[in-house]
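Each remark here refers to the structure printed beneath this line.
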Protein chains: 2
Amino acid sequence: MKFSLDIAYARQLDQQDELASFRQRFVVSAPGLIYLDGNSLGRLPVAARERLETVINHEWGDRLIRSWNEAWFTLPEQVGGKIARLLGAESDEIIVADSTSVNLFKLALSAMYAQPDRYKIVTDNLNFPSDLYILQGVCKAANGRFHDGRSPYIQIVPSADGIHGPTDALAEAIDENTALVSLSHTAFKSGYTYDMAAINELAHRAGAITLWDLSHSAGSVPVDLNGANADLAVGCTYKYLNGGPGAPAFLYVRRDWQEKLNNPISGWMGQRNLFDFGLDYKPASGLRRFLTGTPPVLSLAAIESGVDLLLEAGMDRLREKSARQSDYLIQLWQELLAPVGFRLNSPRNLEQRGSHISLGHSAGWQINQALIQEMNVLPDFRKPDNIRLGIAPLYTTFEDVWTAVNRLHAIVVQKRYENYSLASSHIT
Amino acid sequence: MKFSLDIAYARQLDQQDELASFRQRFVVSAPGLIYLDGNSLGRLPVAARERLETVINHEWGDRLIRSWNEAWFTLPEQVGGKIARLLGAESDEIIVADSTSVNLFKLALSAMYAQPDRYKIVTDNLNFPSDLYILQGVCKAANGRFHDGRSPYIQIVPSADGIHGPTDALAEAIDENTALVSLSHTAFKSGYTYDMAAINELAHRAGAITLWDLSHSAGSVPVDLNGANADLAVGCTYKYLNGGPGAPAFLYVRRDWQEKLNNPISGWMGQRNLFDFGLDYKPASGLRRFLTGTPPVLSLAAIESGVDLLLEAGMDRLREKSARQSDYLIQLWQELLAPVGFRLNSPRNLEQRGSHISLGHSAGWQINQALIQEMNVLPDFRKPDNIRLGIAPLYTTFEDVWTAVNRLHAIVVQKRYENYSLASSHIT
């Protein structure tokens, strides 16, 4: 088929989409809503709603405490094992626990503890700011451990254009003092996606450990943790994994690291024989040692259904559809939106792109408001001017993409954004 | 009324119970089940089931990302503010976040950071072991910060009888090197409950900070954090607060400490103006600085309904009923269970007692198994020999207490426990 600006072309692409039926596996209660924020909060899977009904009424309501043995105690490994299949890891290399930020703290600090001769953490300025804040806390907690009295610090390598990851500059920054290289695999603003294997090799050549944040790539781009020889990773489950609002996060520790690293937030769920209630902490074998407290069961149980859908669809097919959709979006941008002042704030090279596209515009915040208030389109917005359009191939249609672009175009040519103030609120 | 061993007496007490109707506010799907484990997992409130239905279908399913602004962003303070009313704190002194263990880590480490001249943590051996494990991690993370090169350490003060808190020995242990006194307010095994004001005074006289774990006292005994001049506290919401399995925990920081302490796990939810996405961590004002990552919304939202029920019933009335029920249980123990080998592993003095009673027996584990498998009674068991009978006055009846005691008696006199092995499993 030949590209066309006509909606008929979008509809044709949808008709030919072999993953189209997955949209029905989600609750889509307002069919007119164009939801392009699955990169921030995935939709509710029908199966998750059913699972939660069981967890709430049967497991909590009827079975009560017995459900710990019958259903809940092994959920962190069970859900983690499924996420592992999505991410090219062994089933005992991923476990679900806490939030992404807490997991990052645990893994980063454990890596610092394991390398008392190395005091530098290397990251970039495309990283999610929370990761940088956490690493600041890690430096503080790791302080005082270095043979020569040095204080640990973070080197933030800047991106040249704010869009692409600074791979060459990272190569220079990673040296014999580097303990840890901690990056977002897919950047939250631009969607730039690192060549994970290449960065791991850079780090390993210098003797450093890598710690990836997969929050924007899990379920959106192919990830092969083992194949890329990654050391450590964390990620969230409420974006492309459709785990539900604030659902607990996952952490990955490659098998050969599991017995070498210790959880610095050593709580009872990571204790060997926790029901012996010994007074000394003795880490459990394997990944359970990276658990800390009792997990939030309702939010944890909801994750599994979303991951099941991704496994059923297959990451290769999902990536293929996501790529076609983002290519289509970029084509539409070039024809309709670039002429009215929108910039492409995401990489053009598909290899470097996640599953969301950021469009910049000098009136970006106002345009985003008009889109939400008048146009029934839900993207999200990241300062200073990024309108993020998230493609979730399990439920995003080509017609969604067409409609969003045409409404963005209409807002600008009709100057409808002028009705909105410049002030920004906290979450959109 | 005069105490009697007859079930008619228990039924009379239930008829006179002004809180009896609260039982109907919970899902009680198996009326024959004697549930005495509300000290481990509270029952499902009917209102929580309804609230979850709304959160899942309307807030997640329909409103999607918009619910962050419409409902979710302020939930940590909103639920925390209600818990504060139960615990004698101001509404801006308690916030819901993470697990009890993670919160303990955050507050304990922040207190260590704030006192670089003091390197000792004082606790007791009645404390929940997870708290001790966490404090071990805190010592490791705080290491290297002390002016004279000392390493921080934990002094675990032993209880003389394993039941009562060692207040006098604590008074000796708390000295000018003590940074932190960290205790369970109500002990998880014996139910011993400290005089919080007295310990706070001991600590303050030595210039130390107190950090209370309220997991077994929140919702079970009157707690007056401000009145007792407590500095810091944490606690879980899934026991007497009926927040649901693994529901996130709360933390308390007295107002005058809030700007002096900093969250060592500094994540984006605690950042001032988090949606500016600045690269440097700047703590939010007030308690939000002690948030870290995105909270598990389903598990968080479920907490509120349980807390509402406690507020409606009132802690004074709840304590009064709990006291009558535990007194009744102890009377029955004395008449029926002491003669067949059961020991009272909880304080006899009501002032020192929480809302659960531990009974010891040389065949405790086997008796506990018989109780669950044959008798439709659900207590829980804590090694070596504690059968914990939890009284949750919102839904526990006097007849429940009578029935449990009579079944315990029957198991021993009929030697029904002999059918069960000595091996213990992980959670009961």
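Simple scheme: letters A, B, ... for chains in structure tokens order, numbers from 1 for residues in each chain, numbers from 1 for ligands in the order shown.
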Result of fitting chain B on chain A (Cα atoms paired in order), as a compact mmCIF listing (two decimals) with C-alpha atoms, in the first residue's frame:
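Just written: result-v3.txt:
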# COMPACT_ATOMS: atom_id res chain seq x y z
CA MET B 1 0.00 0.01 -0.07
CA LYS B 2 1.13 3.50 -0.76
CA PHE B 3 1.23 6.04 2.07
CA SER B 4 -1.67 8.44 1.99
CA LEU B 5 -2.92 11.21 4.25
CA ASP B 6 -6.42 9.86 4.00
CA ILE B 7 -8.09 8.15 6.93
CA ALA B 8 -8.96 5.29 4.61
CA TYR B 9 -5.28 4.38 4.56
CA ALA B 10 -5.16 4.19 8.36
CA ARG B 11 -8.25 2.00 8.35
CA GLN B 12 -6.73 -0.28 5.80
CA LEU B 13 -3.64 -0.67 7.97
CA ASP B 14 -5.89 -1.57 10.89
CA GLN B 15 -7.73 -4.14 8.83
CA GLN B 16 -4.46 -5.80 7.94
CA ASP B 17 -3.20 -5.73 11.52
CA GLU B 18 -2.89 -9.26 12.85
CA LEU B 19 -2.75 -7.96 16.44
CA ALA B 20 -5.96 -5.93 16.09
CA SER B 21 -8.07 -8.31 18.16
CA PHE B 22 -5.94 -7.72 21.27
CA ARG B 23 -7.69 -4.38 21.72
CA GLN B 24 -10.79 -6.30 22.79
CA ARG B 25 -8.84 -7.84 25.62
CA PHE B 26 -8.76 -4.44 27.30
CA VAL B 27 -11.54 -2.43 28.89
CA VAL B 28 -12.25 0.27 26.32
CA SER B 29 -15.26 1.95 27.85
CA ALA B 30 -15.11 5.24 25.95
CA PRO B 31 -14.52 4.24 22.33
CA GLY B 32 -14.17 7.85 21.18
CA LEU B 33 -11.19 8.46 23.44
CA ILE B 34 -7.82 8.43 21.65
CA TYR B 35 -5.56 7.12 24.38
CA LEU B 36 -1.90 7.70 23.62
CA ASP B 37 -0.52 7.47 27.13
CA GLY B 38 0.10 3.76 27.52
CA ASN B 39 3.73 4.77 28.01
CA SER B 40 2.63 6.28 31.32
CA LEU B 41 -0.33 4.11 32.42
CA GLY B 42 -1.36 1.09 30.40
CA ARG B 43 -5.02 0.27 29.93
CA LEU B 44 -6.94 -2.15 32.15
CA PRO B 45 -6.85 -5.71 30.78
CA VAL B 46 -10.20 -7.50 31.01
CA ALA B 47 -8.38 -10.45 32.58
CA ALA B 48 -6.84 -8.21 35.25
CA ARG B 49 -10.28 -7.04 36.27
CA GLU B 50 -11.36 -10.64 36.64
CA ARG B 51 -8.22 -11.60 38.49
CA LEU B 52 -8.68 -8.72 40.93
CA GLU B 53 -12.24 -9.78 41.56
CA THR B 54 -10.89 -13.19 42.63
CA VAL B 55 -8.06 -11.76 44.70
CA ILE B 56 -10.35 -9.36 46.52
CA ASN B 57 -13.38 -11.53 47.13
CA HIS B 58 -12.06 -15.05 47.26
CA GLU B 59 -8.43 -14.73 48.34
CA TRP B 60 -8.75 -11.80 50.75
CA GLY B 61 -12.44 -12.03 51.64
CA ASP B 62 -12.89 -15.81 51.99
CA ARG B 63 -9.53 -17.46 52.38
CA LEU B 64 -7.96 -14.62 54.37
CA ILE B 65 -4.52 -15.40 55.83
CA ARG B 66 -4.49 -18.83 54.16
CA SER B 67 -3.99 -17.12 50.82
CA TRP B 68 -0.39 -16.35 51.73
CA ASN B 69 0.37 -20.04 51.37
CA GLU B 70 -2.20 -20.74 48.69
CA ALA B 71 -1.51 -17.85 46.33
CA TRP B 72 0.53 -14.87 47.46
CA PHE B 73 3.87 -15.92 48.87
CA THR B 74 5.38 -16.89 45.55
CA LEU B 75 3.77 -14.11 43.46
CA PRO B 76 6.98 -12.01 43.29
CA GLU B 77 8.83 -14.88 41.55
CA GLN B 78 5.81 -16.01 39.57
CA VAL B 79 5.16 -12.62 37.99
CA GLY B 80 8.89 -11.92 37.75
CA GLY B 81 9.41 -15.17 35.88
CA LYS B 82 6.90 -14.11 33.26
CA ILE B 83 8.47 -10.68 32.87
CA ALA B 84 11.79 -12.49 32.45
CA ARG B 85 10.44 -14.28 29.37
CA LEU B 86 9.67 -10.88 27.84
CA LEU B 87 13.11 -9.50 28.56
CA GLY B 88 15.46 -12.29 27.60
CA ALA B 89 16.28 -13.35 31.15
CA GLU B 90 16.04 -16.66 32.99
CA SER B 91 12.94 -17.06 35.12
CA ASP B 92 14.97 -16.89 38.34
CA GLU B 93 16.67 -13.65 37.33
CA ILE B 94 13.72 -11.28 37.69
CA ILE B 95 11.52 -10.70 40.73
CA VAL B 96 8.80 -8.15 41.47
CA ALA B 97 9.28 -5.83 44.46
CA ASP B 98 8.76 -2.29 45.70
CA SER B 99 8.94 0.65 43.29
CA THR B 100 11.43 1.23 40.50
CA SER B 101 13.14 3.90 42.60
CA VAL B 102 13.52 1.66 45.66
CA ASN B 103 14.80 -1.19 43.50
CA LEU B 104 17.30 1.12 41.84
CA PHE B 105 18.53 2.17 45.28
CA LYS B 106 18.92 -1.44 46.35
CA LEU B 107 20.80 -2.59 43.27
CA ALA B 108 22.97 0.51 42.89
CA LEU B 109 24.01 0.54 46.53
CA SER B 110 24.68 -3.19 46.51
CA ALA B 111 26.92 -2.68 43.48
CA MET B 112 28.77 0.14 45.24
CA TYR B 113 29.28 -2.02 48.32
CA ALA B 114 30.71 -4.76 46.12
CA GLN B 115 33.37 -2.48 44.61
CA PRO B 116 35.08 -0.49 47.36
CA ASP B 117 37.84 0.63 44.98
CA ARG B 118 35.52 2.39 42.56
CA TYR B 119 33.67 5.54 43.47
CA LYS B 120 32.13 6.91 40.26
CA ILE B 121 28.65 6.39 38.84
CA VAL B 122 28.23 7.27 35.18
CA THR B 123 24.86 8.26 33.76
CA ASP B 124 23.43 10.71 31.22
CA ASN B 125 21.08 13.67 31.34
CA LEU B 126 18.38 11.81 29.40
CA ASN B 127 17.89 9.52 32.37
CA PHE B 128 14.66 9.77 34.33
CA PRO B 129 15.38 12.36 37.03
CA SER B 130 14.19 10.05 39.81
CA ASP B 131 17.05 7.75 38.89
CA LEU B 132 19.50 10.61 39.36
CA TYR B 133 17.94 11.52 42.70
CA ILE B 134 18.20 7.94 43.85
CA LEU B 135 21.82 7.73 42.75
CA GLN B 136 22.53 10.85 44.82
CA GLY B 137 21.14 9.00 47.83
CA VAL B 138 23.23 5.96 46.92
CA CYS B 139 26.40 8.08 46.88
CA LYS B 140 25.56 9.38 50.33
CA ALA B 141 24.90 5.90 51.71
CA ALA B 142 28.04 4.48 50.09
CA ASN B 143 30.21 7.28 51.41
CA GLY B 144 32.99 6.42 53.80
CA ARG B 145 33.63 3.04 52.25
CA PHE B 146 36.48 3.84 49.94
CA HIS B 147 40.02 2.81 50.68
CA ASP B 148 41.55 6.17 49.89
CA GLY B 149 38.88 8.29 51.55
CA ARG B 150 37.29 9.44 48.31
CA SER B 151 33.63 10.33 48.15
CA PRO B 152 31.51 8.63 45.53
CA TYR B 153 30.01 10.90 42.91
CA ILE B 154 27.88 10.90 39.79
CA GLN B 155 29.12 11.97 36.37
CA ILE B 156 26.16 13.05 34.25
CA VAL B 157 27.18 12.88 30.61
CA PRO B 158 25.12 15.33 28.54
CA SER B 159 23.37 14.45 25.33
CA ALA B 160 24.51 16.69 22.47
CA ASP B 161 21.01 17.40 21.20
CA GLY B 162 18.78 16.39 24.11
CA ILE B 163 17.38 13.59 21.97
CA HIS B 164 20.12 11.03 21.33
CA GLY B 165 22.13 9.17 23.95
CA PRO B 166 25.78 10.31 24.17
CA THR B 167 27.38 6.96 23.51
CA ASP B 168 30.80 8.30 22.55
CA ALA B 169 31.00 10.63 25.53
CA LEU B 170 29.94 7.77 27.78
CA ALA B 171 32.79 5.70 26.42
CA GLU B 172 35.17 8.42 27.56
CA ALA B 173 33.56 8.85 30.94
CA ILE B 174 33.61 5.17 31.85
CA ASP B 175 37.02 4.51 33.36
CA GLU B 176 38.85 2.44 35.95
CA ASN B 177 37.18 4.41 38.76
CA THR B 178 33.69 3.68 37.50
CA ALA B 179 31.70 1.34 39.70
CA LEU B 180 28.41 1.62 37.91
CA VAL B 181 26.92 2.71 34.59
CA SER B 182 23.25 3.45 35.17
CA LEU B 183 21.09 4.51 32.23
CA SER B 184 17.51 4.46 31.07
CA HIS B 185 17.45 1.97 28.23
CA THR B 186 14.72 4.04 26.55
CA ALA B 187 14.75 7.73 27.48
CA PHE B 188 11.51 9.03 28.97
CA LYS B 189 11.40 12.23 26.92
CA SER B 190 12.81 11.46 23.48
CA GLY B 191 12.33 7.72 23.46
CA TYR B 192 15.98 7.28 22.44
CA THR B 193 16.93 3.64 23.01
CA TYR B 194 20.49 2.59 23.71
CA ASP B 195 22.28 -0.33 22.12
CA MET B 196 22.36 -2.24 25.37
CA ALA B 197 25.00 -4.75 24.33
CA ALA B 198 27.38 -2.01 23.18
CA ILE B 199 27.14 -0.09 26.45
CA ASN B 200 27.54 -3.27 28.48
CA GLU B 201 30.69 -4.01 26.57
CA LEU B 202 32.05 -0.51 27.16
CA ALA B 203 31.36 -0.87 30.86
CA HIS B 204 32.78 -4.36 31.17
CA ARG B 205 35.95 -3.39 29.38
CA ALA B 206 36.51 -0.87 32.18
CA GLY B 207 35.44 -3.38 34.86
CA ALA B 208 32.21 -1.52 35.70
CA ILE B 209 28.76 -2.93 36.38
CA THR B 210 25.72 -1.86 34.32
CA LEU B 211 22.31 -1.09 35.80
CA TRP B 212 19.54 -0.46 33.29
CA ASP B 213 16.22 1.21 33.88
CA LEU B 214 13.79 -0.57 31.54
CA SER B 215 10.69 1.39 32.53
CA HIS B 216 10.10 2.76 29.03
CA SER B 217 11.39 -0.25 27.13
CA ALA B 218 9.86 -3.28 28.89
CA GLY B 219 7.01 -4.37 26.66
CA SER B 220 7.79 -1.70 24.06
CA VAL B 221 11.09 -2.71 22.46
CA PRO B 222 12.85 -6.06 22.27
CA VAL B 223 15.13 -6.47 25.28
CA ASP B 224 17.56 -9.36 25.59
CA LEU B 225 19.19 -8.96 28.98
CA ASN B 226 21.18 -12.18 28.82
CA GLY B 227 22.08 -11.82 25.17
CA ALA B 228 23.33 -8.28 25.79
CA ASN B 229 25.24 -9.42 28.89
CA ALA B 230 23.55 -6.91 31.19
CA ASP B 231 24.43 -7.09 34.88
CA LEU B 232 21.51 -5.46 36.66
CA ALA B 233 18.21 -3.85 35.70
CA VAL B 234 15.03 -2.41 37.15
CA GLY B 235 11.79 -1.32 35.56
CA CYS B 236 8.20 -0.45 36.15
CA THR B 237 5.15 -2.53 35.30
CA TYR B 238 2.43 0.09 34.91
CA LYS B 239 3.42 1.41 31.49
CA TYR B 240 3.61 -0.98 28.55
CA LEU B 241 3.16 -4.01 30.83
CA ASN B 242 -0.34 -2.76 31.77
CA GLY B 243 0.11 -3.74 35.41
CA GLY B 244 -2.11 -1.02 36.86
CA PRO B 245 -1.49 2.34 38.54
CA GLY B 246 1.70 2.31 40.60
CA ALA B 247 1.97 -1.48 40.36
CA PRO B 248 5.18 -2.75 41.97
CA ALA B 249 8.35 -2.80 39.92
CA PHE B 250 10.74 -5.54 38.91
CA LEU B 251 14.43 -6.05 39.33
CA TYR B 252 16.89 -8.19 37.39
CA VAL B 253 20.14 -9.57 38.74
CA ARG B 254 22.07 -11.79 36.37
CA ARG B 255 22.53 -15.19 37.95
CA ASP B 256 26.27 -14.94 38.54
CA TRP B 257 25.75 -11.70 40.51
CA GLN B 258 23.02 -13.04 42.74
CA GLU B 259 25.20 -14.54 45.44
CA LYS B 260 27.79 -11.76 45.22
CA LEU B 261 25.46 -8.85 45.92
CA ASN B 262 23.54 -8.16 49.09
CA ASN B 263 20.36 -6.20 49.52
CA PRO B 264 21.16 -3.09 51.55
CA ILE B 265 17.49 -2.77 52.60
CA SER B 266 17.57 -6.16 54.25
CA GLY B 267 14.02 -6.97 55.32
CA TRP B 268 12.25 -10.14 56.36
CA MET B 269 10.93 -11.09 52.92
CA GLY B 270 14.56 -11.53 51.83
CA GLN B 271 15.53 -13.55 54.89
CA ARG B 272 16.45 -17.23 54.64
CA ASN B 273 13.82 -19.17 56.62
CA LEU B 274 11.97 -16.01 57.50
CA PHE B 275 9.51 -17.79 59.76
CA ASP B 276 12.29 -18.93 62.04
CA PHE B 277 12.39 -15.29 63.14
CA GLY B 278 16.10 -15.35 63.90
CA LEU B 279 17.53 -12.04 65.09
CA ASP B 280 20.34 -11.93 62.53
CA TYR B 281 19.79 -11.23 58.87
CA LYS B 282 20.79 -14.14 56.65
CA PRO B 283 20.02 -13.54 53.00
CA ALA B 284 17.86 -16.06 51.17
CA SER B 285 19.49 -17.79 48.25
CA GLY B 286 18.71 -16.49 44.80
CA LEU B 287 16.72 -13.40 44.04
CA ARG B 288 14.43 -13.47 47.05
CA ARG B 289 17.24 -11.80 48.97
CA PHE B 290 16.37 -8.63 47.09
CA LEU B 291 12.89 -8.55 48.55
CA THR B 292 12.40 -6.33 51.58
CA GLY B 293 8.93 -5.97 53.09
CA THR B 294 5.52 -7.52 52.49
CA PRO B 295 4.42 -6.80 48.89
CA PRO B 296 1.17 -4.96 48.04
CA VAL B 297 -0.74 -8.02 46.91
CA LEU B 298 -3.64 -6.42 45.03
CA SER B 299 -1.32 -4.28 42.92
CA LEU B 300 1.11 -7.17 42.50
CA ALA B 301 -1.48 -9.71 41.38
CA ALA B 302 -2.90 -7.33 38.77
CA ILE B 303 0.39 -7.30 36.85
CA GLU B 304 0.26 -10.87 35.64
CA SER B 305 -2.67 -10.51 33.24
CA GLY B 306 -1.03 -7.65 31.35
CA VAL B 307 2.21 -9.55 30.99
CA ASP B 308 0.32 -12.61 29.77
CA LEU B 309 -1.14 -10.55 26.93
CA LEU B 310 2.30 -9.38 25.83
CA LEU B 311 3.62 -12.95 25.92
CA GLU B 312 0.66 -14.14 23.90
CA ALA B 313 1.14 -11.46 21.25
CA GLY B 314 4.92 -11.90 21.24
CA MET B 315 7.48 -9.11 21.50
CA ASP B 316 8.60 -9.52 17.89
CA ARG B 317 5.14 -8.95 16.51
CA LEU B 318 4.54 -6.12 18.95
CA ARG B 319 7.75 -4.38 17.99
CA GLU B 320 6.99 -4.83 14.34
CA LYS B 321 3.58 -3.19 14.75
CA SER B 322 4.95 -0.45 17.00
CA ALA B 323 7.62 0.31 14.40
CA ARG B 324 5.03 0.56 11.64
CA GLN B 325 2.89 2.81 13.80
CA SER B 326 5.70 5.14 14.80
CA ASP B 327 6.95 5.26 11.21
CA TYR B 328 3.43 6.16 10.15
CA LEU B 329 3.25 8.83 12.85
CA ILE B 330 6.53 10.32 11.67
CA GLN B 331 5.32 10.34 8.06
CA LEU B 332 2.18 12.16 9.13
CA TRP B 333 4.23 14.58 11.23
CA GLN B 334 6.39 15.38 8.23
CA GLU B 335 3.42 16.07 5.98
CA LEU B 336 1.06 17.79 8.38
CA LEU B 337 2.78 18.87 11.56
CA ALA B 338 6.29 19.96 10.62
CA PRO B 339 4.84 22.69 8.35
CA VAL B 340 2.94 24.17 11.32
CA GLY B 341 5.86 24.29 13.71
CA PHE B 342 6.11 20.87 15.31
CA ARG B 343 9.58 19.44 15.82
CA LEU B 344 10.37 15.77 16.05
CA ASN B 345 12.01 15.32 19.47
CA SER B 346 12.57 11.61 18.97
CA PRO B 347 15.17 9.79 16.88
CA ARG B 348 14.30 9.24 13.23
CA ASN B 349 16.35 6.08 13.18
CA LEU B 350 14.04 3.22 14.12
CA GLU B 351 16.87 1.28 15.74
CA GLN B 352 17.23 4.07 18.29
CA ARG B 353 13.58 4.56 19.01
CA GLY B 354 11.23 3.23 21.67
CA SER B 355 7.47 3.14 21.28
CA HIS B 356 6.63 6.75 22.03
CA ILE B 357 7.20 9.80 19.87
CA SER B 358 7.79 13.25 21.34
CA LEU B 359 6.74 16.27 19.36
CA GLY B 360 7.96 19.71 20.33
CA HIS B 361 6.20 22.99 19.67
CA SER B 362 6.69 26.47 21.05
CA ALA B 363 3.06 26.38 22.24
CA GLY B 364 3.40 22.73 23.32
CA TRP B 365 1.78 22.98 26.74
CA GLN B 366 -1.21 24.92 25.41
CA ILE B 367 -1.62 22.56 22.46
CA ASN B 368 -1.51 19.63 24.85
CA GLN B 369 -4.26 21.21 26.94
CA ALA B 370 -6.46 21.77 23.89
CA LEU B 371 -5.90 18.18 22.83
CA ILE B 372 -7.15 16.90 26.18
CA GLN B 373 -9.94 19.41 26.83
CA GLU B 374 -11.48 19.70 23.37
CA MET B 375 -10.21 16.89 21.26
CA ASN B 376 -10.66 13.75 23.38
CA VAL B 377 -7.03 12.80 22.83
CA LEU B 378 -4.88 11.82 25.83
CA PRO B 379 -1.12 12.13 25.31
CA ASP B 380 1.14 13.39 28.05
CA PHE B 381 3.44 16.33 28.34
CA ARG B 382 7.01 16.65 29.52
CA LYS B 383 8.62 20.04 29.96
CA PRO B 384 9.71 22.16 28.32
CA ASP B 385 7.67 21.37 25.23
CA ASN B 386 7.36 17.62 24.63
CA ILE B 387 3.99 16.25 23.70
CA ARG B 388 4.54 12.52 24.13
CA LEU B 389 2.45 10.25 21.94
CA GLY B 390 2.69 6.73 23.27
CA ILE B 391 2.04 3.81 20.97
CA ALA B 392 0.94 0.66 22.75
CA PRO B 393 0.58 -1.84 19.92
CA LEU B 394 -1.71 -4.11 21.94
CA TYR B 395 -4.48 -1.54 21.73
CA THR B 396 -3.38 1.53 19.75
CA THR B 397 -4.87 1.62 16.24
CA PHE B 398 -3.52 3.30 13.12
CA GLU B 399 -6.72 5.32 13.12
CA ASP B 400 -5.83 6.56 16.64
CA VAL B 401 -2.54 7.82 15.24
CA TRP B 402 -4.20 9.45 12.22
CA THR B 403 -6.82 11.12 14.41
CA ALA B 404 -4.34 12.45 16.95
CA VAL B 405 -2.15 13.97 14.25
CA ASN B 406 -5.07 15.56 12.45
CA ARG B 407 -6.38 17.03 15.69
CA LEU B 408 -2.95 18.40 16.55
CA HIS B 409 -2.89 20.00 13.14
CA ALA B 410 -6.35 21.47 13.61
CA ILE B 411 -5.47 22.94 17.01
CA VAL B 412 -2.58 24.86 15.52
CA VAL B 413 -4.13 26.04 12.25
CA GLN B 414 -7.33 27.06 14.04
CA LYS B 415 -5.26 28.61 16.86
CA ARG B 416 -7.41 26.78 19.38
CA TYR B 417 -4.46 26.51 21.75
CA GLU B 418 -4.71 30.23 22.43
CA ASN B 419 -7.59 29.56 24.79
CA TYR B 420 -5.25 27.83 27.24
CA SER B 421 -2.93 29.40 29.74
CA LEU B 422 0.78 28.79 29.87
CA ALA B 423 0.69 27.56 33.45
CA SER B 424 1.30 23.86 33.78
CA SER B 425 -0.15 21.55 36.40
CA HIS B 426 1.51 18.51 37.89
CA ILE B 427 0.37 15.43 36.02
CA THR B 428 -1.22 15.13 32.63
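Looking only at range 312-347 of chain B, the set that DSSP places in helix (DSSP H, G or I) from backbone geometry is Glu312, Ala313, Met315, Asp316, Arg317, Leu318, Arg319, Glu320, Lys321, Ser322, Ala323, Arg324, Gln325, Ser326, Asp327, Tyr328, Leu329, Ile330, Gln331, Leu332, Trp333, Gln334, Glu335, Leu336, Leu337, Ala338, Pro339 and Val340 of chain B.
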